[in-house]
file target34.csv (CSV, C-alpha atoms)
chain,number,residue,atom,x,y,z
A,2,MET,CA,5.9,9.4,-42.5
A,3,LYS,CA,4.6,6.2,-40.9
A,4,LYS,CA,7.2,6.5,-38.1
A,5,TRP,CA,6.1,10.1,-37.5
A,6,MET,CA,2.4,9.2,-37.3
A,7,ALA,CA,3.2,6.4,-34.9
A,8,ALA,CA,5.1,8.7,-32.7
A,9,PHE,CA,2.3,11.3,-32.8
A,10,ILE,CA,-0.3,8.8,-31.8
A,11,LEU,CA,1.9,7.6,-28.9
A,12,PHE,CA,2.2,11.2,-27.8
A,13,LEU,CA,-1.6,11.6,-27.8
A,14,VAL,CA,-2.0,8.5,-25.7
A,15,MET,CA,0.6,9.7,-23.2
A,16,THR,CA,-0.8,13.2,-22.9
A,17,VAL,CA,-4.5,13.2,-23.6
A,18,ALA,CA,-5.5,9.9,-22.0
A,19,PRO,CA,-4.1,10.8,-18.5
A,20,ALA,CA,-5.8,14.2,-18.6
A,21,GLU,CA,-9.1,12.5,-19.6
A,22,ALA,CA,-8.7,10.0,-16.7
A,23,VAL,CA,-8.1,12.8,-14.2
A,24,SER,CA,-11.3,14.6,-15.5
A,25,HIS,CA,-13.4,11.5,-15.1
A,26,THR,CA,-12.0,10.8,-11.7
A,27,GLU,CA,-12.5,14.3,-10.4
A,28,THR,CA,-16.1,14.4,-11.7
A,29,LEU,CA,-16.9,11.1,-9.9
A,30,ILE,CA,-15.4,12.3,-6.6
A,31,GLN,CA,-17.3,15.6,-6.8
A,32,GLN,CA,-20.5,13.8,-7.4
A,33,LEU,CA,-20.0,11.4,-4.5
A,34,GLN,CA,-19.0,14.3,-2.2
A,35,THR,CA,-22.2,16.2,-2.9
A,36,THR,CA,-24.6,13.3,-2.5
A,37,SER,CA,-25.6,10.9,0.2
A,38,GLU,CA,-26.9,7.3,-0.1
A,39,ASN,CA,-28.7,5.6,2.8
A,40,GLY,CA,-27.0,8.1,5.1
A,41,TYR,CA,-23.5,7.3,3.9
A,42,ASN,CA,-21.1,10.1,3.1
A,43,VAL,CA,-17.6,10.1,1.6
A,44,HIS,CA,-15.0,9.6,4.3
A,45,SER,CA,-11.8,9.2,2.2
A,46,TYR,CA,-10.7,7.7,-1.1
A,47,GLU,CA,-7.6,6.4,-2.9
A,48,LEU,CA,-6.7,5.6,-6.5
A,49,ALA,CA,-5.3,2.2,-7.4
A,50,GLN,CA,-4.5,0.1,-10.4
A,51,MET,CA,-6.2,-3.0,-9.1
A,52,ASN,CA,-6.8,-4.9,-12.4
A,53,LYS,CA,-6.2,-4.7,-16.1
A,54,SER,CA,-8.5,-1.7,-16.7
A,55,LYS,CA,-7.1,1.3,-18.6
A,56,MET,CA,-7.8,3.8,-15.8
A,57,ARG,CA,-7.1,3.4,-12.1
A,58,GLU,CA,-10.0,2.3,-9.9
A,59,VAL,CA,-11.4,4.8,-7.4
A,60,VAL,CA,-11.6,3.1,-4.0
A,61,VAL,CA,-14.0,5.0,-1.7
A,62,LEU,CA,-14.6,4.6,2.0
A,63,PHE,CA,-18.0,5.9,3.2
A,64,ASN,CA,-19.2,6.3,6.7
A,65,ARG,CA,-22.6,6.7,8.4
A,66,ASP,CA,-23.3,8.2,11.8
A,67,THR,CA,-25.2,5.7,14.0
A,68,PHE,CA,-25.9,8.4,16.6
A,69,THR,CA,-24.7,6.0,19.4
A,70,ASN,CA,-21.5,7.9,20.2
A,71,MET,CA,-19.8,4.5,20.2
A,72,ALA,CA,-19.4,3.3,16.6
A,73,ASP,CA,-20.2,4.2,12.9
A,74,ASP,CA,-21.2,2.1,9.9
A,75,TYR,CA,-18.7,2.0,7.0
A,76,LEU,CA,-19.0,1.1,3.4
A,77,ILE,CA,-16.3,0.3,0.9
A,78,LYS,CA,-17.0,0.7,-2.8
A,79,VAL,CA,-14.6,0.3,-5.8
A,80,TYR,CA,-15.5,2.2,-9.0
A,81,GLU,CA,-14.1,1.0,-12.4
A,82,TRP,CA,-14.3,3.0,-15.6
A,83,ASN,CA,-15.8,0.8,-18.3
A,84,ASN,CA,-17.9,1.4,-21.4
A,85,GLY,CA,-17.7,5.2,-20.9
A,86,LYS,CA,-19.0,5.2,-17.3
A,87,TRP,CA,-18.1,4.4,-13.7
A,88,ASN,CA,-19.3,1.0,-12.5
A,89,VAL,CA,-19.3,-0.4,-8.9
A,90,VAL,CA,-17.3,-3.6,-9.1
A,91,TYR,CA,-16.8,-4.2,-5.4
A,92,LYS,CA,-19.0,-3.3,-2.4
A,93,ARG,CA,-18.9,-4.4,1.3
A,94,GLU,CA,-20.5,-3.0,4.4
A,95,TYR,CA,-19.1,-3.0,8.0
A,96,LEU,CA,-21.6,-2.1,10.7
A,97,GLU,CA,-21.0,-0.6,14.1
A,98,VAL,CA,-17.2,-0.2,13.8
A,99,MET,CA,-15.3,2.1,16.2
A,100,ASN,CA,-13.1,3.4,13.4
A,101,MET,CA,-12.0,2.5,9.9
A,102,LYS,CA,-9.4,4.1,7.6
A,103,PHE,CA,-7.0,3.4,4.7
A,104,LEU,CA,-3.6,2.0,5.8
A,105,THR,CA,-1.7,1.5,2.6
A,106,VAL,CA,-2.0,1.1,-1.2
A,107,GLY,CA,0.7,-0.6,-3.2
A,108,LYS,CA,1.6,-3.2,-5.8
A,109,LEU,CA,1.4,-6.8,-4.5
A,110,GLY,CA,1.4,-9.7,-6.9
A,111,GLY,CA,1.4,-7.6,-10.1
A,112,TYR,CA,-1.5,-5.3,-9.2
A,113,ASP,CA,-2.3,-2.8,-6.5
A,114,LYS,CA,-3.9,-4.0,-3.3
A,115,VAL,CA,-5.7,-1.8,-0.8
A,116,VAL,CA,-5.5,-2.3,2.9
A,117,PHE,CA,-8.0,-0.9,5.4
A,118,GLY,CA,-7.7,-0.8,9.2
A,119,GLN,CA,-10.8,-1.8,11.1
A,120,TYR,CA,-10.5,-0.7,14.8
A,121,HIS,CA,-12.2,-2.1,17.8
A,122,GLY,CA,-12.5,-1.2,21.5
A,123,LEU,CA,-13.1,2.0,23.4
A,124,ASP,CA,-9.7,3.3,22.4
A,125,THR,CA,-10.2,3.5,18.7
A,126,GLU,CA,-6.4,3.2,17.9
A,127,ASN,CA,-5.9,0.2,20.2
A,128,VAL,CA,-6.9,-3.0,18.4
A,129,MET,CA,-6.9,-3.2,14.6
A,130,SER,CA,-7.9,-5.8,12.0
A,131,PRO,CA,-6.4,-5.3,8.6
A,132,ILE,CA,-8.8,-5.8,5.6
A,133,ILE,CA,-7.1,-6.5,2.2
A,134,ILE,CA,-8.9,-6.1,-1.1
A,135,GLY,CA,-7.7,-6.5,-4.7
A,136,SER,CA,-7.6,-8.8,-7.6
A,137,PRO,CA,-5.5,-12.0,-7.5
A,138,ASP,CA,-5.3,-12.2,-11.3
A,139,GLY,CA,-6.1,-8.7,-12.7
A,140,GLN,CA,-9.7,-9.6,-13.3
A,141,LYS,CA,-12.3,-9.5,-10.5
A,142,ILE,CA,-11.7,-7.4,-7.3
A,143,ARG,CA,-12.6,-9.2,-4.1
A,144,LEU,CA,-11.8,-9.5,-0.4
A,145,LEU,CA,-8.4,-11.2,-0.2
A,146,GLY,CA,-8.1,-11.5,3.5
A,147,ASP,CA,-8.7,-10.0,6.9
A,148,SER,CA,-5.7,-10.7,9.1
A,149,PRO,CA,-6.2,-11.3,12.9
A,150,SER,CA,-6.5,-8.3,15.1
A,151,ASN,CA,-3.4,-6.7,16.4
A,152,PHE,CA,-2.6,-4.3,19.2
A,153,PHE,CA,-1.7,-0.8,17.8
A,154,GLY,CA,-2.1,-2.4,14.3
A,155,ASN,CA,-0.7,-1.0,11.1
A,156,ALA,CA,0.3,-2.1,7.6
A,157,THR,CA,2.4,-1.1,4.7
A,158,ILE,CA,3.2,-2.5,1.2
A,159,LYS,CA,6.8,-2.3,0.0
A,160,ASN,CA,8.7,-4.2,-2.6
A,161,ASP,CA,5.8,-6.6,-3.4
A,162,THR,CA,5.4,-7.5,0.3
A,163,LEU,CA,2.7,-6.7,2.7
A,164,TYR,CA,4.1,-5.9,6.2
A,165,ILE,CA,1.7,-6.2,9.1
A,166,MET,CA,2.8,-4.2,12.1
A,167,ARG,CA,2.2,-3.0,15.7
A,168,ARG,CA,2.5,0.7,14.8
A,169,SER,CA,6.0,0.4,13.4
A,170,ILE,CA,7.1,-3.1,14.6
A,171,VAL,CA,6.9,-5.7,11.8
A,172,THR,CA,5.0,-8.8,13.2
A,173,HIS,CA,4.7,-10.8,9.9
A,174,GLN,CA,5.0,-10.5,6.1
A,175,LEU,CA,2.7,-11.7,3.3
A,176,LYS,CA,3.1,-12.1,-0.4
A,177,MET,CA,0.7,-13.1,-3.2
A,178,LYS,CA,1.3,-16.7,-4.4
A,179,SER,CA,-0.9,-18.6,-6.8
A,180,GLY,CA,-3.7,-16.0,-6.3
A,181,LYS,CA,-3.6,-16.2,-2.5
A,182,LEU,CA,-2.1,-14.1,0.3
A,183,VAL,CA,0.6,-16.3,2.0
A,184,ARG,CA,2.5,-15.6,5.1
A,185,VAL,CA,6.3,-15.7,4.3
A,186,GLY,CA,7.9,-14.6,7.5
A,187,THR,CA,7.8,-12.7,10.8
A,188,GLY,CA,9.9,-9.6,11.3
A,189,THR,CA,13.2,-8.3,12.8
A,190,GLY,CA,14.7,-5.0,13.7
A,191,LYS,CA,16.1,-4.8,10.2
A,192,ASP,CA,12.6,-5.0,8.8
A,193,ASP,CA,11.4,-2.2,11.2
A,194,ARG,CA,14.1,0.1,9.8
A,195,TYR,CA,13.4,-1.0,6.2
A,196,VAL,CA,9.7,-0.2,6.2
A,197,ALA,CA,10.4,3.1,7.9
A,198,GLY,CA,12.8,4.0,5.1
A,199,ASN,CA,16.0,3.6,7.1
A,200,PRO,CA,15.8,7.0,8.7
A,201,LYS,CA,18.9,8.7,10.1
A,202,HIS,CA,17.3,9.2,13.5
A,203,TRP,CA,16.2,6.1,15.4
A,204,ILE,CA,14.7,5.1,18.8
A,205,GLY,CA,14.3,1.5,19.7
A,206,VAL,CA,13.7,-1.3,22.2
A,207,LYS,CA,16.7,-3.5,23.1
A,208,GLY,CA,15.9,-6.2,25.6
A,209,ARG,CA,14.0,-4.4,28.4
A,210,GLN,CA,15.4,-1.0,27.7
A,211,LEU,CA,14.2,1.9,25.5
A,212,ILE,CA,17.3,3.3,23.8
A,213,GLY,CA,17.8,6.6,21.9
A,214,PRO,CA,19.4,10.0,22.1
A,215,THR,CA,18.0,12.5,24.5
A,216,THR,CA,18.4,15.4,22.0
A,217,ILE,CA,17.8,15.2,18.2
A,218,THR,CA,18.5,18.0,15.8
A,219,MET,CA,16.8,17.6,12.4
A,220,LYS,CA,15.5,19.5,9.4
A,221,VAL,CA,11.9,20.0,8.3
A,222,GLY,CA,10.6,16.9,6.6
A,223,GLU,CA,13.1,14.5,8.2
A,224,LYS,CA,11.9,11.6,10.3
A,225,ILE,CA,12.6,9.9,13.6
A,226,GLY,CA,11.9,6.1,13.3
A,227,VAL,CA,10.8,3.9,16.2
A,228,GLY,CA,11.2,0.1,16.4
A,229,ARG,CA,13.5,-2.7,17.6
A,230,TYR,CA,17.0,-1.3,18.2
A,231,ASP,CA,19.1,-4.2,16.9
A,232,ALA,CA,18.7,-5.4,13.3
A,233,SER,CA,18.8,-9.1,14.2
A,234,VAL,CA,16.2,-9.0,17.0
A,235,ASP,CA,13.0,-10.9,16.2
A,236,GLY,CA,10.1,-12.3,18.4
A,237,ASP,CA,6.6,-11.2,19.3
A,238,TYR,CA,7.0,-7.7,20.6
A,239,LEU,CA,4.2,-5.6,22.1
A,240,TYR,CA,5.0,-2.1,23.0
A,241,SER,CA,3.4,1.3,22.8
A,242,PRO,CA,6.0,4.1,22.9
A,243,TYR,CA,3.5,6.7,21.8
A,244,ALA,CA,1.1,6.8,24.8
A,245,PHE,CA,2.3,10.1,26.1
A,246,ILE,CA,2.8,12.1,22.9
A,247,GLU,CA,1.2,15.5,22.9
A,248,LYS,CA,0.2,16.8,19.4
A,249,ASN,CA,2.2,19.9,18.5
A,250,PRO,CA,2.9,21.8,15.3
A,251,VAL,CA,6.7,21.1,15.3
A,252,ILE,CA,6.7,17.3,15.1
A,253,GLU,CA,4.0,14.6,14.9
A,254,TRP,CA,3.6,10.9,14.3
A,255,ASP,CA,2.6,9.8,10.8
A,256,ASP,CA,1.1,6.3,10.6
A,257,ARG,CA,1.7,6.0,6.9
A,258,ARG,CA,5.3,7.3,6.9
A,259,LEU,CA,6.0,5.3,10.0
A,260,GLY,CA,7.8,7.9,12.0
A,261,PHE,CA,7.8,11.2,13.8
A,262,ILE,CA,7.9,13.9,11.0
A,263,ALA,CA,9.4,17.3,11.6
A,264,LYS,CA,6.7,19.7,10.4
A,265,GLN,CA,8.1,23.1,11.0
A,266,LYS,CA,11.1,24.9,12.7
A,267,GLY,CA,11.0,25.0,16.5
A,268,VAL,CA,11.7,23.1,19.7
A,269,SER,CA,9.5,20.3,21.1
A,270,SER,CA,9.8,17.0,23.0
A,271,ILE,CA,8.7,13.4,22.6
A,272,LYS,CA,7.8,11.4,25.7
A,273,LEU,CA,7.9,7.6,25.1
A,274,ASN,CA,6.8,4.8,27.3
A,275,ALA,CA,7.5,1.2,26.3
A,276,THR,CA,6.6,-2.4,27.3
A,277,VAL,CA,7.9,-5.6,25.8
A,278,ARG,CA,6.4,-9.1,25.5
A,279,TYR,CA,8.6,-12.0,24.5
A,280,ASP,CA,7.3,-15.5,23.9
A,281,GLY,CA,4.8,-15.8,26.7
A,282,PRO,CA,1.9,-13.6,27.8
A,283,LYS,CA,3.8,-11.7,30.4
A,284,VAL,CA,4.6,-8.0,29.6
A,285,TYR,CA,7.7,-6.4,30.9
A,286,PRO,CA,8.4,-2.6,31.3
A,287,ALA,CA,11.0,-1.2,29.0
A,288,GLY,CA,11.3,2.2,30.6
A,289,GLN,CA,10.6,5.7,29.5
A,290,LEU,CA,12.5,8.2,27.3
A,291,GLU,CA,12.1,11.9,26.8
A,292,VAL,CA,13.7,13.3,23.6
A,293,GLN,CA,14.2,17.0,23.0
A,294,VAL,CA,13.7,17.7,19.3
A,295,ILE,CA,15.2,20.8,17.6
A,296,VAL,CA,14.0,21.4,14.1
A,297,GLU,CA,16.2,23.8,12.2
call {"tool": "encode", "arguments": {"input": "target34.csv", "output": "structure tokens"}}
result
Amino acid sequence: MKKWMAAFILFLVMTVAPAEAVSHTETLIQQLQTTSENGYNVHSYELAQMNKSKMREVVVLFNRDTFTNMADDYLIKVYEWNNGKWNVVYKREYLEVMNMKFLTVGKLGGYDKVVFGQYHGLDTENVMSPIIIGSPDGQKIRLLGDSPSNFFGNATIKNDTLYIMRRSIVTHQLKMKSGKLVRVGTGTGKDDRYVAGNPKHWIGVKGRQLIGPTTITMKVGEKIGVGRYDASVDGDYLYSPYAFIEKNPVIEWDDRRLGFIAKQKGVSSIKLNATVRYDGPKVYPAGQLEVQVIVE
């Protein structure tokens, strides 16, 4: 009888509690989306287990139009469910920013960390500073770091490691050690492929040359990765192979999945232009490549 009761209580915890959590979270999001505070409106949100709380925190990015046609104001808030209500446990404002968005959410040092991209310059996707928030010990949520600006910056968390990138090129790696973000390495072509999920189709830079097939046949949902061609290649690469991509319904670049994703059946093309920088400041051309994509 005792064993049956224990199993029944466990069943309730596993079934009722998640549903209750979803209800509380949905109610909060609906309330935030229908209200405005000091001109701030909900831009986007993510759920993350950032500390030891029973429910995942709701991380919300708000933005406010400055009516300057140049930049907006952004506000980050983290809501934690405690004592039967949502409480703001973290809040930080960023004024006159060209663009800001979520880059990645994932477990790093035992708890989820959230990384935002803060973009600068007239080209809002050109220069990015990653902002990392979370808890170093499962208690208080705080700003953990804001890595230096990076051209075509991006970030992803995989296997307890934060990878900072130039679009899909890994420039350095960080881990949580003794409650602090610590740089543990740079990146190679092997890392580029790893963070992209080792896709079957690959286009890459090798030396001063852009290498890849001129025709790729793939299925809906498959990916074309872009990065360094050889697994062992390292160094400080700066290249932008996406400058001449035209958006289309067949295939499109996905920052969070780190590749060109086949969206629907059809025929399209990708035009890539690349440059490479080695150890010094000089930038070398790495050619152009046009790839015909057939999605079956």
call {"tool": "residues_around", "arguments": {"input": "target34.csv", "residues": "Ser54 of chain A", "least_positions_apart": "4", "cutoff": "9 Å", "atoms": "only C-alpha atoms", "output": "VMD selection string"}}
result
chain A and resid 50 58 81 to 83 139 to 140
call {"tool": "closest_atom_pairs", "arguments": {"input": "target34.csv", "of": "segment 107-224 of chain A", "to": "segment 253-257 of chain A", "cutoff": "9 Å", "atoms": "all atoms listed in the file", "output": "CSV"}}
result
residue,atom,partner,partner_atom,distance
A:Asn155,CA,A:Asp256,CA,7.5
A:Ala156,CA,A:Arg257,CA,8.2
A:Thr157,CA,A:Arg257,CA,7.5
A:Arg168,CA,A:Asp256,CA,7.1
A:Ser169,CA,A:Asp256,CA,8.2
call {"tool": "closest_atom_pairs", "arguments": {"input": "target34.csv", "of": "segment 87-206 of chain A", "to": "segment 210-222 of chain A", "cutoff": "12 Å", "atoms": "all atoms listed in the file", "output": "JSON lines"}}
result
{"residue": "A:Pro200", "atom": "CA", "partner": "A:Met219", "partner_atom": "CA", "distance": 11.3}
{"residue": "A:Lys201", "atom": "CA", "partner": "A:Met219", "partner_atom": "CA", "distance": 9.4}
{"residue": "A:His202", "atom": "CA", "partner": "A:Ile217", "partner_atom": "CA", "distance": 7.6}
{"residue": "A:Trp203", "atom": "CA", "partner": "A:Gly213", "partner_atom": "CA", "distance": 6.7}
{"residue": "A:Ile204", "atom": "CA", "partner": "A:Gly213", "partner_atom": "CA", "distance": 4.6}
{"residue": "A:Gly205", "atom": "CA", "partner": "A:Ile212", "partner_atom": "CA", "distance": 5.4}
{"residue": "A:Val206", "atom": "CA", "partner": "A:Leu211", "partner_atom": "CA", "distance": 4.6}
call {"tool": "residues_around", "arguments": {"input": "target34.csv", "residues": "Phe103 of chain A", "least_positions_apart": "2", "cutoff": "9 Å", "atoms": "all atoms listed in the file", "output": "list in words"}}
result
Ser45, Tyr46, Glu47, Leu62, Met101, Thr105, Val106, Val115, Val116, Phe117 and Gly118 of chain A
call {"tool": "closest_residue", "arguments": {"input": "target34.csv", "among": "A:Leu33, A:Val292, A:Ala72, A:Ile225", "to": "Asn100 of chain A", "atoms": "only C-alpha atoms"}}
result
A:Ala72
call {"tool": "residues_near_point", "arguments": {"input": "target34.csv", "point": "(-4.7, -5.3, -13.7)", "cutoff": "12 Å", "atoms": "only C-alpha atoms", "output": "list in words"}}
result
Ala49, Gln50, Met51, Asn52, Lys53, Ser54, Lys55, Met56, Arg57, Glu58, Glu81, Lys108, Leu109, Gly110, Gly111, Tyr112, Asp113, Lys114, Gly135, Ser136, Pro137, Asp138, Gly139, Gln140, Lys141 and Ile142 of chain A
